[in-house]
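Note: the block below is upload25.txt and it holds compact mmCIF, C-alpha atoms and all ligand atoms.
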```txt
# COMPACT_ATOMS: atom_id res chain seq x y z
CA MET B 252 -27.37 -3.13 2.96
CA SER B 253 -29.58 -2.70 6.03
CA GLU B 254 -29.87 -6.41 6.84
CA ARG B 255 -26.98 -8.32 8.34
CA VAL B 256 -24.42 -9.53 5.82
CA ARG B 257 -24.38 -13.33 5.75
CA LEU B 258 -20.80 -14.54 6.12
CA ALA B 259 -18.90 -17.73 5.46
CA VAL B 260 -15.51 -18.04 7.17
CA THR B 261 -12.90 -20.49 5.89
CA GLY B 262 -9.84 -21.46 7.91
CA ALA B 263 -12.20 -21.13 10.87
CA ALA B 264 -9.85 -22.80 13.35
CA GLY B 265 -6.74 -20.92 12.24
CA ARG B 266 -5.25 -17.96 14.14
CA MET B 267 -7.13 -15.45 11.97
CA GLY B 268 -10.26 -17.55 11.45
CA ARG B 269 -10.76 -17.66 15.21
CA GLU B 270 -10.36 -13.88 15.47
CA VAL B 271 -12.82 -13.26 12.65
CA LEU B 272 -15.45 -15.54 14.21
CA SER B 273 -14.96 -14.01 17.61
CA ALA B 274 -15.20 -10.43 16.24
CA ALA B 275 -18.23 -11.31 14.09
CA THR B 276 -20.22 -12.47 17.10
CA ASP B 277 -19.78 -9.00 18.67
CA ARG B 278 -21.16 -7.10 15.63
CA ASP B 279 -24.71 -6.45 14.58
CA ASP B 280 -23.98 -5.89 10.86
CA VAL B 281 -22.82 -9.44 10.08
CA GLU B 282 -24.10 -12.95 10.73
CA VAL B 283 -21.92 -16.05 10.36
CA VAL B 284 -23.96 -18.64 8.46
CA LEU B 285 -21.10 -20.99 7.61
CA ALA B 286 -17.73 -21.67 9.27
CA ALA B 287 -15.51 -24.27 7.66
CA ASN B 288 -12.14 -25.81 8.42
CA ARG B 289 -10.04 -28.50 6.75
CA THR B 290 -9.16 -30.26 10.02
CA PRO B 291 -12.37 -31.13 11.87
CA VAL B 292 -13.11 -29.05 14.97
CA GLU B 293 -16.49 -28.82 16.67
CA GLU B 294 -16.89 -25.12 17.21
CA VAL B 295 -15.05 -21.80 17.40
CA ALA B 296 -16.38 -18.83 19.41
CA GLY B 297 -19.65 -20.71 19.82
CA VAL B 298 -20.07 -21.17 16.05
CA PRO B 299 -20.34 -24.77 14.78
CA VAL B 300 -17.56 -25.55 12.29
CA ARG B 301 -18.07 -27.74 9.24
CA PRO B 302 -15.19 -29.88 7.97
CA VAL B 303 -14.40 -29.17 4.31
CA ALA B 304 -14.20 -32.47 2.46
CA GLU B 305 -14.64 -31.11 -1.08
CA ILE B 306 -14.30 -27.39 -1.74
CA ASP B 307 -16.84 -27.73 -4.59
CA ASP B 308 -19.45 -28.67 -1.95
CA LEU B 309 -18.72 -25.65 0.27
CA PHE B 310 -21.98 -23.84 -0.47
CA GLU B 311 -24.12 -26.93 -0.98
CA GLU B 312 -26.24 -26.40 2.15
CA THR B 313 -25.82 -22.70 2.96
CA MET B 314 -25.40 -19.73 0.64
CA PRO B 315 -23.65 -16.70 2.20
CA ASP B 316 -23.34 -13.18 0.79
CA VAL B 317 -19.57 -13.00 1.40
CA LEU B 318 -16.78 -15.48 2.13
CA VAL B 319 -13.95 -14.29 4.41
CA ASP B 320 -10.84 -16.35 3.81
CA PHE B 321 -7.63 -16.51 5.83
CA THR B 322 -6.11 -19.87 4.87
CA GLY B 323 -3.21 -20.62 2.51
CA PRO B 324 -2.68 -19.52 -1.09
CA GLU B 325 -3.69 -22.81 -2.75
CA SER B 326 -6.86 -23.34 -0.72
CA SER B 327 -7.72 -19.66 -0.96
CA ALA B 328 -7.62 -19.74 -4.76
CA ASP B 329 -9.86 -22.83 -4.70
CA TYR B 330 -12.32 -21.19 -2.30
CA VAL B 331 -12.45 -18.06 -4.45
CA SER B 332 -13.17 -20.20 -7.53
CA ALA B 333 -16.03 -21.80 -5.62
CA CYS B 334 -17.29 -18.28 -4.81
CA ALA B 335 -17.23 -17.34 -8.50
CA ASP B 336 -19.22 -20.47 -9.39
CA ALA B 337 -21.78 -19.78 -6.66
CA GLY B 338 -22.08 -16.00 -7.09
CA VAL B 339 -20.61 -15.26 -3.64
CA ALA B 340 -18.37 -12.23 -2.96
CA ALA B 341 -15.00 -12.87 -1.32
CA VAL B 342 -12.74 -11.03 1.13
CA VAL B 343 -9.26 -12.54 0.90
CA GLY B 344 -6.75 -11.92 3.68
CA THR B 345 -4.51 -14.81 2.73
CA THR B 346 -0.99 -13.87 1.60
CA GLY B 347 1.77 -15.67 -0.30
CA PHE B 348 -0.03 -16.11 -3.64
CA GLY B 349 1.99 -17.03 -6.72
CA ASP B 350 1.11 -15.89 -10.23
CA ASP B 351 -1.34 -18.77 -10.79
CA GLY B 352 -3.26 -17.98 -7.61
CA LEU B 353 -3.45 -14.29 -8.48
CA ALA B 354 -4.69 -15.19 -11.97
CA THR B 355 -7.43 -17.30 -10.37
CA LEU B 356 -8.51 -14.30 -8.28
CA ASP B 357 -8.53 -12.06 -11.38
CA SER B 358 -10.64 -14.52 -13.28
CA ALA B 359 -13.12 -14.93 -10.38
CA ALA B 360 -13.41 -11.13 -10.29
CA ASP B 361 -15.00 -11.27 -13.76
CA SER B 362 -18.12 -12.69 -12.13
CA VAL B 363 -18.08 -11.68 -8.42
CA PRO B 364 -16.54 -8.91 -6.27
CA ILE B 365 -13.18 -9.96 -4.82
CA LEU B 366 -11.56 -7.77 -2.15
CA LYS B 367 -8.00 -8.81 -1.33
CA ALA B 368 -5.64 -7.11 1.10
CA ALA B 369 -2.36 -8.27 2.59
CA ASN B 370 -3.17 -6.32 5.74
CA PHE B 371 -6.56 -5.23 7.10
CA SER B 372 -5.16 -2.88 9.74
CA ARG B 373 -5.93 0.82 9.39
CA GLY B 374 -2.51 1.61 10.84
CA VAL B 375 -0.78 -0.26 8.04
CA ALA B 376 -2.87 1.62 5.46
CA ALA B 377 -1.58 4.84 7.06
CA LEU B 378 1.98 3.46 7.17
CA ARG B 379 1.83 2.79 3.43
CA ARG B 380 0.69 6.33 2.69
CA ALA B 381 3.48 7.73 4.92
CA VAL B 382 6.09 5.53 3.21
CA ARG B 383 5.02 6.69 -0.26
CA GLU B 384 5.29 10.30 0.87
CA ALA B 385 8.68 9.82 2.58
CA VAL B 386 10.20 8.03 -0.40
CA ALA B 387 8.98 10.73 -2.77
CA ALA B 388 10.42 13.43 -0.51
CA LEU B 389 13.82 11.73 -0.06
CA PRO B 390 15.23 10.72 -3.46
CA GLY B 391 18.54 8.88 -3.26
CA TYR B 392 18.15 7.93 0.40
CA ASP B 393 18.82 4.29 1.37
CA ILE B 394 15.75 2.17 2.12
CA GLU B 395 15.57 -1.00 4.22
CA VAL B 396 12.33 -2.88 4.91
CA THR B 397 12.14 -5.25 7.88
CA GLU B 398 9.19 -7.38 8.95
CA THR B 399 8.91 -9.53 12.08
CA HIS B 400 6.29 -12.22 12.65
CA HIS B 401 5.51 -15.22 14.86
CA ASN B 402 7.35 -18.46 14.25
CA GLY B 403 4.30 -20.11 12.64
CA LYS B 404 4.17 -17.81 9.62
CA ARG B 405 4.88 -19.59 6.35
CA ASP B 406 5.35 -16.91 3.68
CA ALA B 407 8.33 -14.54 3.64
CA PRO B 408 8.57 -11.70 3.08
CA SER B 409 5.12 -10.99 4.47
CA GLY B 410 2.34 -9.90 2.14
CA THR B 411 2.44 -6.49 3.79
CA ALA B 412 6.19 -6.12 3.19
CA ASN B 413 5.65 -7.02 -0.46
CA ALA B 414 2.89 -4.42 -0.73
CA VAL B 415 5.16 -1.78 0.87
CA LEU B 416 7.97 -2.73 -1.53
CA GLU B 417 5.62 -2.32 -4.49
CA ASP B 418 4.64 1.11 -3.12
CA ILE B 419 8.31 2.10 -2.88
CA GLU B 420 9.05 0.82 -6.38
CA THR B 421 6.07 2.71 -7.78
CA VAL B 422 7.46 5.95 -6.36
CA ARG B 423 11.15 5.31 -6.99
CA GLY B 424 11.12 3.11 -10.09
CA ASP B 425 14.81 2.13 -10.07
CA ALA B 426 14.91 -0.14 -7.03
CA GLU B 427 16.49 -3.59 -6.76
CA ARG B 428 15.43 -5.80 -3.84
CA VAL B 429 18.25 -7.43 -1.85
CA HIS B 430 16.97 -10.11 0.54
CA GLY B 431 19.10 -10.35 3.64
CA ARG B 432 22.68 -9.32 3.19
CA VAL B 433 25.81 -11.49 3.33
CA GLY B 434 29.32 -11.25 1.88
CA ASP B 435 31.85 -8.44 1.77
CA GLN B 436 30.35 -5.90 -0.60
CA PRO B 437 28.98 -2.54 0.54
CA ARG B 438 25.42 -1.59 -0.18
CA GLU B 439 24.85 -0.37 -3.74
CA ASP B 440 22.94 2.78 -4.61
CA GLY B 441 19.31 2.12 -5.42
CA GLU B 442 18.96 -1.26 -3.72
CA ILE B 443 16.27 -1.90 -1.14
CA GLY B 444 17.22 -4.26 1.66
CA VAL B 445 14.48 -6.70 2.68
CA HIS B 446 14.63 -8.59 5.98
CA ALA B 447 12.15 -11.17 7.30
CA ARG B 448 12.42 -12.24 10.95
CA ARG B 449 10.44 -15.06 12.57
CA ALA B 450 10.36 -15.25 16.35
CA GLY B 451 8.03 -16.23 19.17
CA ASP B 452 4.45 -15.02 19.00
CA VAL B 453 4.98 -11.58 17.39
CA THR B 454 1.64 -10.61 15.81
CA GLY B 455 3.24 -8.54 13.07
CA GLU B 456 5.70 -5.65 12.78
CA HIS B 457 6.81 -3.69 9.72
CA GLU B 458 9.58 -1.10 9.68
CA VAL B 459 10.77 1.04 6.79
CA LEU B 460 14.09 2.87 7.27
CA VAL B 461 14.84 5.78 4.96
CA ALA B 462 18.36 7.03 5.62
CA GLY B 463 20.68 9.65 4.22
CA ASN B 464 23.93 11.01 5.61
CA HIS B 465 23.39 12.25 9.17
CA GLU B 466 19.66 11.51 9.24
CA LEU B 467 17.44 8.46 9.48
CA LEU B 468 13.66 8.28 9.22
CA SER B 469 12.07 5.15 10.75
CA LEU B 470 8.42 4.38 10.01
CA THR B 471 7.13 1.45 12.05
CA HIS B 472 3.82 -0.30 12.54
CA ARG B 473 3.26 -2.87 15.28
CA ALA B 474 0.09 -4.90 15.48
CA GLY B 475 -0.69 -5.62 19.12
CA ALA B 476 -3.43 -8.18 18.49
CA ARG B 477 -5.08 -9.93 15.53
CA GLY B 478 -8.36 -8.23 16.37
CA VAL B 479 -7.28 -5.22 14.27
CA PHE B 480 -7.04 -7.44 11.18
CA ALA B 481 -10.35 -9.17 11.93
CA ALA B 482 -12.18 -5.85 12.39
CA GLY B 483 -10.83 -4.55 9.07
CA ALA B 484 -11.73 -7.78 7.26
CA LEU B 485 -15.30 -7.61 8.60
CA ASP B 486 -15.60 -3.94 7.59
CA ALA B 487 -14.43 -5.05 4.15
CA ALA B 488 -17.02 -7.85 4.05
CA VAL B 489 -19.83 -5.42 4.86
CA TRP B 490 -18.52 -2.98 2.24
CA VAL B 491 -18.11 -5.53 -0.56
CA ALA B 492 -21.52 -7.22 -0.14
CA GLY B 493 -23.74 -6.40 -3.10
CA ARG B 494 -20.99 -4.65 -5.13
CA ASP B 495 -20.38 -5.17 -8.82
CA ALA B 496 -17.97 -7.90 -9.90
CA GLY B 497 -14.32 -6.76 -9.91
CA ARG B 498 -11.12 -6.53 -7.89
CA TYR B 499 -11.13 -4.27 -4.82
CA ASP B 500 -8.68 -3.58 -2.01
CA PHE B 501 -8.85 -2.26 1.55
CA ASP B 502 -8.19 1.32 0.42
CA ASP B 503 -11.53 1.22 -1.41
CA VAL B 504 -13.20 0.53 1.94
CA LEU B 505 -11.24 3.21 3.80
CA ASP B 506 -11.81 5.82 1.08
CA GLU B 507 -15.55 5.60 1.70
CA ARG B 508 -15.59 5.73 5.51
N1 LIG B 601 -4.62 -9.71 5.51
C1 LIG B 601 -4.38 -9.65 6.82
O1 LIG B 601 -4.68 -8.64 7.50
C2 LIG B 601 -3.77 -10.85 7.49
C3 LIG B 601 -3.40 -11.91 6.73
N2 LIG B 601 -2.94 -13.05 7.32
C4 LIG B 601 -2.72 -14.18 6.43
O2 LIG B 601 -3.78 -15.12 6.65
C5 LIG B 601 -3.31 -16.42 6.37
C6 LIG B 601 -3.63 -17.33 7.54
O3 LIG B 601 -2.88 -16.92 8.66
P1 LIG B 601 -3.08 -17.63 10.09
O4 LIG B 601 -4.50 -17.57 10.48
O5 LIG B 601 -2.05 -17.08 10.99
O6 LIG B 601 -2.69 -19.13 9.71
P2 LIG B 601 -3.00 -20.48 10.52
O7 LIG B 601 -1.96 -21.45 10.09
O8 LIG B 601 -3.21 -20.22 11.95
O9 LIG B 601 -4.41 -20.95 9.92
C7 LIG B 601 -4.54 -21.34 8.60
C8 LIG B 601 -5.93 -21.87 8.39
O10 LIG B 601 -6.04 -22.20 7.00
C9 LIG B 601 -6.31 -23.57 6.85
N3 LIG B 601 -5.58 -24.10 5.70
C10 LIG B 601 -4.26 -23.95 5.44
N4 LIG B 601 -3.94 -24.59 4.31
C11 LIG B 601 -5.09 -25.17 3.87
C12 LIG B 601 -5.41 -25.97 2.75
N5 LIG B 601 -4.47 -26.34 1.84
N6 LIG B 601 -6.69 -26.39 2.59
C13 LIG B 601 -7.63 -26.03 3.49
N7 LIG B 601 -7.39 -25.28 4.58
C14 LIG B 601 -6.13 -24.84 4.76
C15 LIG B 601 -5.85 -24.24 8.13
O11 LIG B 601 -6.59 -25.44 8.29
P3 LIG B 601 -6.12 -26.58 9.30
O12 LIG B 601 -6.71 -26.21 10.63
O13 LIG B 601 -6.71 -27.82 8.72
O14 LIG B 601 -4.61 -26.57 9.27
C16 LIG B 601 -6.21 -23.16 9.15
O15 LIG B 601 -7.57 -23.21 9.47
C17 LIG B 601 -1.82 -16.28 6.05
O16 LIG B 601 -1.66 -16.23 4.65
C18 LIG B 601 -1.46 -14.94 6.68
O17 LIG B 601 -0.36 -14.34 6.08
C19 LIG B 601 -2.79 -13.15 8.66
C20 LIG B 601 -3.09 -12.09 9.46
C21 LIG B 601 -3.61 -10.84 8.95
O1 LIG B 602 0.74 -14.19 8.93
C1 LIG B 602 0.51 -13.23 9.68
O2 LIG B 602 0.42 -13.35 10.91
C2 LIG B 602 0.30 -11.91 9.07
N1 LIG B 602 0.27 -11.85 7.78
C3 LIG B 602 0.03 -10.71 6.98
C4 LIG B 602 1.18 -10.47 6.05
O3 LIG B 602 1.74 -11.43 5.50
O4 LIG B 602 1.53 -9.31 5.80
C5 LIG B 602 -0.42 -9.51 7.77
C6 LIG B 602 0.09 -9.42 9.18
O5 LIG B 602 1.36 -8.84 9.18
C7 LIG B 602 0.06 -10.73 9.92
```
As structure tokens, the full file:
Amino acid sequence: MSERVRLAVTGAAGRMGREVLSAATDRDDVEVVLAANRTPVEEVAGVPVRPVAEIDDLFEETMPDVLVDFTGPESSADYVSACADAGVAAVVGTTGFGDDGLATLDSAADSVPILKAANFSRGVAALRRAVREAVAALPGYDIEVTETHHNGKRDAPSGTANAVLEDIETVRGDAERVHGRVGDQPREDGEIGVHARRAGDVTGEHEVLVAGNHELLSLTHRAGARGVFAAGALDAAVWVAGRDAGRYDFDDVLDER
């Protein structure tokens, strides 16, 4: 697409919505035509924000090419349904979906392109590749996954930690997740420890430990600012505009760049 991609941004006044709007104003390949938020706010990054009374009315006045959504799992599923009805593509950064929400995304993808990623950082994409390789190279080693986020985060474990765990399980197959660890039993072979920490204003950290006797491999990603997620989400929005209906993820974007 040579023209600017016309964007709608939901959750405009949230931590990520603000970053996306701010990053969008610095780019010449996107144009924000609609910013919406549940709680009324006047503007974010100089963009007027519309209160969302009824999600069905979201595109009543303005039709974007792509919706970028960082909200919560219930609202995100509703926004994506509205996209399917209106023929609008969606980039979903929201995490914490249950089975019903994921089914809603799958069904919307029958009619529009839906690109969902738990993490739009390029560093995390590289972390996931490194973890898959390490786990394949170190059969039988103990694995512990730890994520740390700000005290306002709702879902635990993080969407990224869940994606990393799925990667590990795909390679290893026989893993059992153990969330936290209490009691007086030693670690069992094959389990994967999962630890979610919430503290202060940490943007987002993910660490995978792979340990055998006398050696420990630690793979860690630390996000220093939400701008990395916003930049990736906007790259994804530009990439997904005009695509065929279907489910896509951030790797599809990275594979082509
Ligand atoms: N994929 C990625 O790279 C990243 C994903 N995330 C994910 O993005 C999501 C949002 O994170 P963050 O910005 O920190 O969250 P915030 O709590 O800061 O913002 C959430 C936004 O969503 C809106 N919202 C929440 N629930 C509803 C609802 N039921 N109906 C309508 N609007 C709703 C809020 O509206 P209101 O102002 O009215 O409360 C707010 O605008 C989370 O799921 C998080 O895990 C976060 C960072 C990176
Ligand atoms: O809520 C957050 O902040 C983040 N959420 C995403 C997740 O759940 O993995 C991505 C990032 O870690 C920040």
Which residues sit within 7 Å of ligand LIG 602 (chain B), counting only C-alpha atoms and all ligand atoms, listed as an NGL selection string?
-> :B and (346 or 369-370 or 400-401 or 404 or 406 or 409-412 or 454-456)
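Residue neighbourhood of stretch 348-353 of chain B, excluding near-sequence residues (fewer than 5 positions): Pro324, Glu325 and Ala328 of chain B, at 7 Å, using only C-alpha atoms.
Non-sequential neighbours of B:Arg289 (distance at most 9 Å, separation of 5 or more positions within a chain, all atoms listed in the file) are Thr261, Gly262, Ala263, Ala264, Arg301, Pro302, Val303 and Ala304 of chain B.
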Near-stretch 311-323 of chain B list (6 Å; all atoms listed in the file; drop same-chain fewer than 2 positions) as a ChimeraX atom specification = /B:257-262,308-309,325-327,339-345
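The smallest atom-to-atom distance between B:Thr355 and any of B:Val479, B:Arg498, B:Trp490, B:Ile419, using all atoms listed in the file, is found for B:Arg498.
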Step by step, gather every atom of ligand LIG 601 (chain B) that the file lists, find the box along x, y and z that holds them, add 6 Å on each side, and finally give centre and edge lengths in Å to one decimal, as lines of an AutoDock Vina configuration file.
```
center_x = -4.0
center_y = -18.2
center_z = 6.9
size_x = 19.3
size_y = 31.2
size_z = 22.1
```
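Compared by their closest atoms to ligand LIG 601 (chain B), and using only C-alpha atoms and all ligand atoms, the residues B:Ala385, B:Val461, B:Ala481, B:Val363 rank with B:Ala481 nearest.
Comparing the minimum interatomic distances between B:Arg438 and each of B:Gly424, B:Val281, B:Glu507, B:Asp393, counting all atoms listed in the file, we find that B:Asp393 sits nearest.
Comparing the minimum interatomic distances between ligand LIG 601 (chain B) and each of B:Ile365, B:Ala407, B:Leu460, B:Val283, counting all atoms listed in the file, we find that B:Ala407 sits nearest.
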Find the residue from B:Gly483, B:Asp425, B:Asp506, B:Val256 that sits nearest to B:Arg373; use all atoms listed in the file when measuring.
-> B:Gly483
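Between atom C8 of ligand LIG 601 (chain B) and atom CA of B:Gly268 the interatomic distance comes to 6.8 Å.
Considering only C-alpha atoms and all ligand atoms, the residue among B:Leu470, B:Val422, B:Leu378, B:Leu485 positioned nearest to ligand LIG 601 (chain B) is B:Leu485.
Atom CA of B:Leu468 is found 29.2 Å from atom C17 of ligand LIG 601 (chain B).
Pairwise distance (atom CA of B:Leu285, atom CA of B:Tyr499) equals 23.1 Å.
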Selection: 12 Å around B:Asp418, all atoms listed in the file, excl. self and same-chain fewer than 3 positions, as number ranges by chain | B: 376, 378-387, 396, 411-415, 421-424, 426, 459
Residue neighbourhood B:Ser273, 10 Å, all atoms listed in the file, exclusion window fewer than 5 positions, as a count of residues only | 9
